[in-house]
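Below: entry.txt (compact mmCIF, C-alpha atoms)
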# COMPACT_ATOMS: atom_id res chain seq x y z
CA MET A 1 11.26 -5.74 -41.36
CA LYS A 2 13.54 -8.76 -41.52
CA GLU A 3 12.25 -12.18 -42.52
CA LEU A 4 11.54 -14.56 -39.65
CA GLU A 5 14.58 -16.68 -40.44
CA ASP A 6 16.78 -13.57 -40.23
CA ILE A 7 15.46 -12.75 -36.78
CA ILE A 8 16.30 -16.21 -35.42
CA GLY A 9 19.87 -15.17 -34.69
CA ASP A 10 18.72 -12.16 -32.67
CA TRP A 11 16.02 -14.24 -30.99
CA LYS A 12 18.57 -16.77 -29.79
CA LYS A 13 20.69 -14.00 -28.25
CA ILE A 14 18.08 -13.62 -25.54
CA THR A 15 20.18 -16.00 -23.49
CA LYS A 16 23.34 -17.61 -24.69
CA ASP A 17 26.63 -18.71 -23.26
CA THR A 18 29.17 -17.08 -25.51
CA PHE A 19 32.10 -16.45 -23.21
CA ILE A 20 34.25 -19.13 -21.64
CA GLU A 21 34.75 -17.07 -18.50
CA GLU A 22 31.00 -17.25 -17.95
CA SER A 23 31.06 -21.04 -17.58
CA ALA A 24 31.67 -20.74 -13.83
CA PHE A 25 28.61 -18.49 -13.56
CA SER A 26 26.64 -20.98 -15.62
CA ASN A 27 27.71 -23.93 -13.42
CA GLN A 28 26.74 -22.08 -10.28
CA GLN A 29 23.45 -21.13 -11.90
CA ASN A 30 22.76 -24.79 -12.79
CA LYS A 31 23.51 -25.90 -9.25
CA THR A 32 21.24 -23.23 -7.79
CA ILE A 33 18.40 -24.11 -10.17
CA MET A 34 18.68 -27.77 -9.25
CA GLU A 35 18.70 -27.04 -5.53
CA SER A 36 15.62 -24.83 -5.90
CA VAL A 37 13.83 -27.57 -7.83
CA ILE A 38 14.63 -30.17 -5.19
CA LYS A 39 13.44 -27.79 -2.48
CA PHE A 40 10.17 -27.23 -4.35
CA GLU A 41 9.64 -30.97 -4.70
CA GLN A 42 10.32 -31.45 -1.01
CA PHE A 43 7.82 -28.67 -0.22
CA GLU A 44 5.13 -30.49 -2.24
CA LYS A 45 5.93 -33.78 -0.47
CA ASN A 46 5.70 -32.06 2.92
CA GLU A 47 2.29 -30.65 2.04
CA LYS A 48 1.05 -34.15 1.20
CA GLN A 49 2.52 -35.53 4.43
CA LYS A 50 0.62 -32.84 6.33
CA GLN A 51 -2.65 -33.99 4.73
CA ILE A 52 -1.98 -37.58 5.77
CA GLY A 53 -0.98 -36.37 9.22
CA ALA A 54 -4.22 -34.41 9.53
CA ALA A 55 -6.27 -37.48 8.58
CA MET A 56 -4.42 -39.67 11.10
CA PHE A 57 -4.89 -37.00 13.76
CA SER A 58 -8.64 -37.08 13.00
CA VAL A 59 -8.67 -40.84 13.55
CA PHE A 60 -6.80 -40.33 16.82
CA CYS A 61 -9.40 -37.72 17.89
CA PHE A 62 -12.27 -40.11 17.17
CA ALA A 63 -10.49 -42.87 19.07
CA SER A 64 -9.96 -40.50 22.00
CA PHE A 65 -13.63 -39.56 21.86
CA LEU A 66 -14.55 -43.26 22.06
CA VAL A 67 -12.26 -43.76 25.06
CA TRP A 68 -13.70 -40.68 26.77
CA GLU A 69 -17.27 -41.92 26.15
CA THR A 70 -16.42 -45.30 27.66
CA PHE A 71 -14.29 -44.32 30.65
CA GLY A 72 -15.26 -40.68 31.18
CA GLU A 73 -18.97 -40.82 30.55
CA GLY A 74 -19.46 -44.46 31.50
CA ILE A 75 -21.20 -45.35 28.25
CA SER A 76 -20.74 -49.04 27.56
CA LEU A 77 -18.34 -49.95 24.77
CA SER A 78 -20.67 -52.00 22.63
CA ILE A 79 -19.99 -53.79 19.37
CA SER A 80 -22.01 -51.16 17.52
CA ARG A 81 -19.81 -48.34 18.88
CA LEU A 82 -16.66 -50.18 17.85
CA LEU A 83 -18.17 -50.84 14.46
CA GLY A 84 -19.00 -47.13 14.21
CA PHE A 85 -15.39 -46.20 14.96
CA LEU A 86 -14.18 -48.70 12.38
CA LEU A 87 -16.47 -47.25 9.72
CA VAL A 88 -15.26 -43.71 10.48
CA ALA A 89 -11.59 -44.82 10.32
CA VAL A 90 -12.18 -46.65 7.02
CA SER A 91 -13.92 -43.59 5.53
CA LEU A 92 -10.92 -41.39 6.44
CA ALA A 93 -8.50 -43.95 4.97
CA PHE A 94 -10.64 -44.08 1.86
CA ALA A 95 -10.52 -40.28 1.61
CA ILE A 96 -6.70 -40.36 1.74
CA ILE A 97 -6.37 -43.11 -0.88
CA SER A 98 -8.93 -41.61 -3.28
CA ASN A 99 -7.26 -38.19 -2.97
CA LYS A 100 -3.93 -39.73 -3.96
CA THR A 101 -5.41 -41.38 -7.06
CA ASP A 102 -6.89 -38.04 -8.08
CA ASP A 103 -3.36 -36.83 -8.86
CA PHE A 104 -2.98 -36.64 -12.58
CA PRO A 105 -0.10 -38.93 -13.49
CA ASP A 106 2.57 -36.77 -15.02
CA ALA A 107 1.95 -37.24 -18.72
CA ARG A 108 3.89 -34.16 -19.79
CA ILE A 109 6.48 -36.44 -21.34
CA LEU A 110 3.93 -37.36 -24.02
CA PRO A 111 3.68 -35.54 -27.35
CA THR A 112 1.42 -32.53 -26.94
CA LEU A 113 -1.62 -34.04 -28.70
CA ASP A 114 -1.53 -37.17 -26.52
CA PHE A 115 -0.92 -35.09 -23.43
CA LEU A 116 -3.90 -32.81 -24.09
CA THR A 117 -6.17 -35.78 -24.82
CA ALA A 118 -5.09 -37.60 -21.66
CA TYR A 119 -5.46 -34.42 -19.59
CA LYS A 120 -8.98 -33.87 -20.90
CA GLU A 121 -10.02 -37.48 -20.17
CA ASN A 122 -8.62 -37.20 -16.68
CA LEU A 123 -10.51 -33.96 -16.07
CA LEU A 124 -13.81 -35.47 -17.24
CA GLY A 125 -13.20 -38.60 -15.19
CA ARG A 126 -12.41 -36.56 -12.11
CA LYS A 127 -16.00 -35.33 -11.72
CA LYS A 128 -17.32 -38.90 -11.70
CA ARG A 129 -14.64 -39.90 -9.19
CA HIS A 130 -15.60 -37.03 -6.88
CA ILE A 131 -19.24 -38.09 -6.88
CA LEU A 132 -18.36 -41.74 -6.30
CA ASN A 133 -15.94 -40.81 -3.49
CA PHE A 134 -18.58 -38.66 -1.85
CA ILE A 135 -21.20 -41.42 -1.95
CA ILE A 136 -18.86 -44.09 -0.62
CA GLY A 137 -17.45 -41.72 2.00
CA SER A 138 -20.93 -40.78 3.18
CA ILE A 139 -22.07 -44.40 3.35
CA LEU A 140 -19.13 -45.16 5.63
CA PHE A 141 -18.73 -41.96 7.66
CA VAL A 142 -22.28 -40.92 8.57
CA PRO A 143 -23.51 -44.31 9.83
CA GLY A 144 -20.15 -44.76 11.59
CA LEU A 145 -20.53 -41.46 13.42
CA TYR A 146 -24.14 -42.25 14.23
CA LEU A 147 -23.23 -45.60 15.77
CA MET A 148 -20.41 -44.04 17.80
CA MET A 149 -22.64 -41.34 19.23
CA GLU A 150 -25.98 -43.09 19.57
CA GLY A 151 -27.58 -42.61 22.93
CA HIS A 152 -25.03 -39.98 23.93
CA LYS A 153 -26.57 -37.38 26.25
CA TYR A 154 -25.38 -34.44 24.11
CA VAL A 155 -26.91 -35.85 20.96
CA ALA A 156 -29.95 -37.56 22.43
CA ASN A 157 -32.21 -37.35 19.43
CA HIS A 158 -31.45 -38.85 16.03
CA TRP A 159 -32.18 -35.84 13.88
CA TRP A 160 -28.62 -34.49 14.07
CA ALA A 161 -27.51 -37.33 11.78
CA LEU A 162 -30.05 -36.33 9.17
CA TYR A 163 -29.14 -32.62 9.49
CA GLY A 164 -25.46 -33.49 9.11
CA PHE A 165 -26.07 -35.66 6.10
CA VAL A 166 -28.20 -33.02 4.36
CA ALA A 167 -25.57 -30.36 5.14
CA CYS A 168 -22.90 -32.60 3.54
CA ILE A 169 -25.00 -33.05 0.40
CA VAL A 170 -25.68 -29.31 0.10
CA GLY A 171 -22.01 -28.49 0.70
CA PHE A 172 -20.90 -31.04 -1.86
CA TYR A 173 -23.39 -29.71 -4.43
CA ILE A 174 -22.14 -26.13 -4.00
CA TRP A 175 -18.52 -27.27 -4.25
CA GLN A 176 -19.22 -29.31 -7.39
CA LYS A 177 -20.94 -26.33 -9.00
CA LYS A 178 -17.93 -24.08 -8.39
CA TYR A 179 -15.57 -26.82 -9.59
CA LYS A 180 -17.60 -27.23 -12.79
CA GLU A 181 -17.41 -23.47 -13.48
CA GLN A 182 -13.63 -23.55 -13.19
CA THR A 183 -13.14 -26.65 -15.28
CA SER A 184 -15.58 -25.77 -18.08
CA THR A 185 -13.30 -22.95 -19.30
CA LEU A 186 -10.34 -25.27 -19.22
CA LEU A 187 -12.26 -27.94 -21.15
CA ILE A 188 -13.13 -25.43 -23.88
CA ASP A 189 -9.44 -24.45 -24.12
CA LEU A 190 -8.42 -28.09 -24.30
CA ASP A 191 -10.93 -28.84 -27.07
CA GLU A 192 -9.66 -25.88 -29.07
CA MET A 193 -6.03 -26.89 -28.71
CA ILE A 194 -6.74 -30.54 -29.53
CA GLU A 195 -8.54 -29.44 -32.68
CA GLU A 196 -5.59 -27.24 -33.66
CA VAL A 197 -3.07 -30.00 -33.15
CA SER A 198 -5.06 -32.80 -34.82
CA MET B 199 17.77 -44.17 -11.68
CA THR B 200 19.65 -43.39 -8.47
CA SER B 201 19.49 -39.98 -6.90
CA SER B 202 22.99 -38.99 -7.98
CA GLU B 203 22.40 -40.27 -11.54
CA LYS B 204 19.26 -38.17 -11.65
CA GLU B 205 21.15 -35.11 -10.45
CA THR B 206 23.95 -35.65 -12.96
CA LYS B 207 21.49 -36.02 -15.81
CA PHE B 208 19.59 -32.96 -14.71
CA ILE B 209 22.76 -30.87 -14.61
CA GLN B 210 23.57 -32.09 -18.14
CA LEU B 211 20.11 -31.08 -19.23
CA LEU B 212 20.50 -27.63 -17.68
CA GLU B 213 23.90 -27.18 -19.24
CA LYS B 214 22.57 -27.80 -22.72
CA HIS B 215 18.98 -26.72 -22.67
CA LYS B 216 18.13 -24.21 -19.95
CA HIS B 217 18.30 -21.27 -22.33
CA GLN B 218 16.07 -22.97 -24.89
CA VAL B 219 13.58 -23.76 -22.13
CA TYR B 220 13.82 -20.18 -20.92
CA ARG B 221 13.20 -18.75 -24.41
CA VAL B 222 10.08 -20.89 -24.90
CA CYS B 223 8.79 -19.77 -21.50
CA TRP B 224 9.66 -16.18 -22.40
CA GLY B 225 7.63 -16.51 -25.60
CA PHE B 226 4.61 -17.63 -23.61
CA SER B 227 4.85 -15.00 -20.89
CA SER B 228 4.05 -11.33 -20.82
CA SER B 229 6.16 -10.17 -17.88
CA LYS B 230 9.44 -10.98 -16.12
CA ALA B 231 7.57 -12.35 -13.09
CA ASP B 232 5.53 -14.64 -15.35
CA VAL B 233 8.65 -15.89 -17.13
CA ASP B 234 10.28 -16.74 -13.82
CA ASP B 235 7.12 -18.46 -12.62
CA LEU B 236 6.71 -20.46 -15.81
CA PHE B 237 10.41 -21.30 -16.02
CA GLN B 238 10.32 -22.57 -12.46
CA GLU B 239 7.33 -24.77 -13.21
CA ALA B 240 8.99 -26.10 -16.37
CA MET B 241 12.16 -26.91 -14.41
CA VAL B 242 10.19 -28.70 -11.69
CA ASN B 243 8.38 -30.77 -14.32
CA LEU B 244 11.65 -31.59 -16.06
CA TRP B 245 13.12 -32.71 -12.75
CA LYS B 246 10.07 -34.85 -11.98
CA GLY B 247 10.21 -36.33 -15.45
CA MET B 248 13.91 -37.27 -15.23
CA ALA B 249 13.15 -40.72 -13.83
CA THR B 250 10.94 -41.46 -16.83
CA PHE B 251 13.45 -40.40 -19.49
CA LYS B 252 14.22 -43.62 -21.31
CA GLY B 253 16.33 -42.20 -24.11
CA LYS B 254 13.86 -43.11 -26.85
CA ALA B 255 13.58 -39.48 -27.91
CA SER B 256 16.55 -37.14 -27.88
CA LEU B 257 17.06 -35.13 -24.70
CA SER B 258 16.17 -31.88 -26.47
CA THR B 259 12.90 -33.32 -27.89
CA TRP B 260 12.00 -34.64 -24.47
CA ALA B 261 12.84 -31.32 -22.79
CA TYR B 262 10.89 -29.30 -25.35
CA ARG B 263 7.89 -31.60 -24.97
CA ILE B 264 7.71 -31.11 -21.22
CA THR B 265 8.32 -27.38 -21.55
CA VAL B 266 5.66 -26.93 -24.22
CA ASN B 267 3.13 -29.03 -22.30
CA THR B 268 3.84 -26.97 -19.20
CA CYS B 269 3.48 -23.67 -21.05
CA ILE B 270 0.22 -24.38 -22.86
CA LEU B 271 -1.63 -25.23 -19.66
CA TRP B 272 0.13 -22.72 -17.46
CA LYS B 273 -1.95 -20.26 -15.52
CA LYS B 274 -0.74 -17.67 -13.10
CA LYS B 275 -0.62 -19.24 -9.67
CA GLN B 276 0.40 -16.28 -7.58
CA SER B 277 -0.90 -17.65 -4.27
CA LYS B 278 1.00 -20.91 -4.80
CA ASN B 279 4.23 -19.03 -5.57
CA GLN B 280 3.86 -16.80 -2.55
CA ALA B 281 3.45 -19.85 -0.32
CA LEU B 282 6.51 -21.46 -1.88
CA HIS B 283 8.71 -18.39 -1.54
CA ALA B 284 7.63 -17.98 2.03
CA ASN B 285 9.01 -21.45 2.69
CA THR B 286 12.13 -21.47 0.60
CA GLU B 287 15.02 -19.10 0.97
CA GLU B 288 16.00 -18.67 -2.63
CA LYS B 289 14.10 -17.89 -5.76
CA PHE B 290 15.40 -19.09 -9.07
CA PRO B 291 18.50 -17.21 -10.11
CA ASP B 292 18.13 -14.69 -12.89
CA ILE B 293 18.72 -16.76 -16.01
CA ALA B 294 20.04 -13.78 -17.97
CA GLN B 295 23.76 -13.84 -18.53
CA PRO B 296 25.90 -11.13 -16.96
CA HIS B 297 26.92 -9.63 -20.30
CA GLU B 298 23.54 -9.99 -21.97
CA GLU B 299 22.27 -7.20 -24.20
CA PRO B 300 18.58 -6.39 -23.93
CA PRO B 301 16.57 -7.86 -26.85
CA ASN B 302 16.43 -5.56 -29.85
CA GLU B 303 13.24 -3.90 -31.08
CA GLN B 304 12.55 -6.42 -33.80
CA VAL B 305 12.76 -9.31 -31.37
CA LEU B 306 10.39 -7.52 -29.00
CA ALA B 307 7.98 -6.77 -31.84
CA LEU B 308 8.13 -10.40 -32.89
CA LYS B 309 7.42 -11.48 -29.34
CA GLN B 310 4.40 -9.19 -29.17
CA ALA B 311 3.12 -10.64 -32.44
CA ILE B 312 3.64 -14.18 -31.13
CA GLN B 313 1.68 -13.33 -27.99
CA GLN B 314 -1.34 -12.60 -30.17
CA LEU B 315 -1.33 -16.08 -31.68
CA LYS B 316 -3.32 -19.02 -30.36
CA LYS B 317 -1.40 -21.28 -28.01
CA MET B 318 -0.65 -24.05 -30.49
CA ASP B 319 0.45 -21.58 -33.15
CA ARG B 320 2.66 -19.95 -30.55
CA THR B 321 4.15 -23.34 -29.74
CA LEU B 322 4.97 -24.07 -33.37
CA ILE B 323 6.59 -20.73 -34.06
CA LEU B 324 8.61 -20.79 -30.84
CA LEU B 325 9.95 -24.22 -31.72
CA LEU B 326 10.76 -22.98 -35.21
CA LEU B 327 12.68 -20.07 -33.71
CA GLU B 328 14.67 -22.63 -31.74
CA GLU B 329 15.68 -24.05 -35.13
CA CYS B 330 13.82 -27.32 -34.56
CA SER B 331 13.21 -29.20 -37.80
CA TYR B 332 9.65 -29.91 -38.91
CA LYS B 333 10.27 -33.55 -38.02
CA GLU B 334 11.35 -32.64 -34.50
CA ILE B 335 8.38 -30.30 -34.08
CA ALA B 336 6.10 -33.15 -35.20
CA GLU B 337 7.72 -35.47 -32.62
CA ILE B 338 7.28 -32.90 -29.87
CA THR B 339 3.67 -32.03 -30.65
CA GLY B 340 2.34 -35.31 -32.02
CA MET B 341 1.30 -33.65 -35.28
CA THR B 342 2.21 -34.99 -38.70
CA VAL B 343 5.16 -33.41 -40.51
CA SER B 344 2.97 -32.18 -43.36
CA ASN B 345 0.53 -30.62 -40.88
CA VAL B 346 3.43 -28.85 -39.16
CA GLY B 347 4.66 -27.47 -42.47
CA ALA B 348 1.24 -26.26 -43.55
CA ARG B 349 0.52 -24.61 -40.21
CA ILE B 350 3.88 -22.90 -40.02
CA SER B 351 3.39 -21.39 -43.48
CA ARG B 352 0.07 -19.95 -42.33
CA ILE B 353 1.57 -18.72 -39.07
CA LYS B 354 4.40 -16.91 -40.89
CA ILE B 355 1.88 -15.05 -43.02
CA LYS B 356 -0.09 -14.15 -39.93
CA ILE B 357 2.99 -12.88 -38.13
CA LYS B 358 4.01 -10.80 -41.12
CA THR B 359 0.56 -9.22 -41.09
CA LEU B 360 0.75 -8.55 -37.36
CA LEU B 361 4.20 -7.00 -37.69
CA THR B 362 3.16 -4.65 -40.45
CA ILE B 363 0.10 -3.34 -38.58

Full structure transcribed into structure tokens:
Amino acid sequence: MKELEDIIGDWKKITKDTFIEESAFSNQQNKTIMESVIKFEQFEKNEKQKQIGAAMFSVFCFASFLVWETFGEGISLSISRLLGFLLVAVSLAFAIISNKTDDFPDARILPTLDFLTAYKENLLGRKKRHILNFIIGSILFVPGLYLMMEGHKYVANHWWALYGFVACIVGFYIWQKKYKEQTSTLLIDLDEMIEEVS
Amino acid sequence: MTSSEKETKFIQLLEKHKHQVYRVCWGFSSSKADVDDLFQEAMVNLWKGMATFKGKASLSTWAYRITVNTCILWKKKQSKNQALHANTEEKFPDIAQPHEEPPNEQVLALKQAIQQLKKMDRTLILLLLEECSYKEIAEITGMTVSNVGARISRIKIKIKTLLTI
């Protein structure tokens, strides 16, 4: 068995431009790689645009609902209903903004030790941000929806608001539990790697 | 950085370093599909990072850093790739050169031994195989030079043991 240093030459043959006539192939390859990368980036941007579009569509639906209540059902457009709509719109805007800040800033340019440490801090901080976002979102959205729909003939009693709120809490709890399971393995890996690099 | 400057710099990066990036990804992957997946992710991260390249570190150090950081946290994301390939017409071109010989047995045995190492050990040995100096490896990983040297000595012994089993 050769020494490691003797194998380096063979190792580096895995890919290597050795022939001048291959430079055209290499140039074409570079161009194709770059185009694929740009396409991938555009795909990611489009996905984010869709999320924003979906949120704005939701706001439009709630606004349409308000208009229908007022002109279709003849329910008076009171200050409390308008306030309800405003709270719902603000909660959706808040959801968009807080989702954007949840993106981990690309710290891959850092040395590995700093990158792993930053990644771990971000992951730990994310759980707290999720809880905070949920609380703030609920404080805005649920009362907003309640105000918009109060007195409506299809939701005459007030218990639906409580049911909805409890369902949100249960759903959030289940989601957090699953999220914790997924991230705990990653956190263990991160701790191990940080210890190795330190 | 303007869009065309970014493209020019990226092409320069590809010209000089795509094979190094590919070899590091190859060292971290167990199958051709995984290499392609990981290489694609590394390339995307390099592209995204182009705007932040300030020239403080050399281009190769910077490229290795992003590649290594991509590899150590990489997990198979098959559903994500399927969605991407459903929306884009081309996959990445096969990085292998047209006249490339398949890797010899010793290289494959070395690769298998490397795959049994922990991720950080794998990183160090792959960078060593790229003929990075201890100083450069320390810059890439954030370790001290003496720590790099000590770890690499231990890793070499471990690899020798794995290769003789």

What are the closest atom pairs, with distances in Å to one decimal, for all residues of chain A lying within 6 Å of chain B? Consider all atoms listed in the file, order rows by chain and residue number, and present the result as CSV.
residue,atom,partner,partner_atom,distance
A:Ile8,CA,B:Leu327,CA,5.6
A:Trp11,CA,B:Val305,CA,5.9
A:Thr15,CA,B:His217,CA,5.7
A:Ile33,CA,B:Phe290,CA,6.0
A:Val37,CA,B:Val242,CA,5.4
A:Arg108,CA,B:Ile264,CA,5.1
A:Ile109,CA,B:Ile264,CA,5.5
A:Pro111,CA,B:Thr339,CA,4.8
A:Thr112,CA,B:Thr339,CA,4.4
A:Leu113,CA,B:Gly340,CA,5.3

Near A:Arg81, counting all atoms listed in the file, which residues have an atom at most 9 Å away, once you skip same-chain residues fewer than 4 positions from it, shown as a ChimeraX atom specification? /A:66,76-77,85-86,144-150

Shell around A:Gly164 at 12 Å using all atoms listed in the file, local window under 4 positions removed, as a PyMOL selection string: chain A and resi 138+141-143+145-146+158-160+168-171

Just give me the gap between atom CA of A:Ser64 and atom CA of A:Ile97 in Å, one decimal is fine. 23.3 Å

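If you look at atom CA of B:Arg320 and atom CA of B:Arg352, they are 12.1 Å away from each other.
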
Residue neighbourhood A:Lys120, 12 Å, only C-alpha atoms, exclusion window fewer than 2 positions, as number ranges by chain: A: 104, 107, 113-118, 122-127, 183-194; B: 271

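Each of A:Leu110, A:His130, A:Lys50, A:Ile136 was compared to A:Leu92 using all atoms listed in the file, and A:Ile136 turns out to be the nearest.
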
Point-to-point distance from atom CA of B:Cys223 to atom CA of B:Leu236, Å rounded to tenths: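 That distance, rounded to one decimal, is 6.1 Å.
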
Restricting the calculation to all atoms listed in the file, which member of A:Ile96, A:Ala63, A:Met34, A:Ile7 is positioned closest to B:Lys207? A:Met34
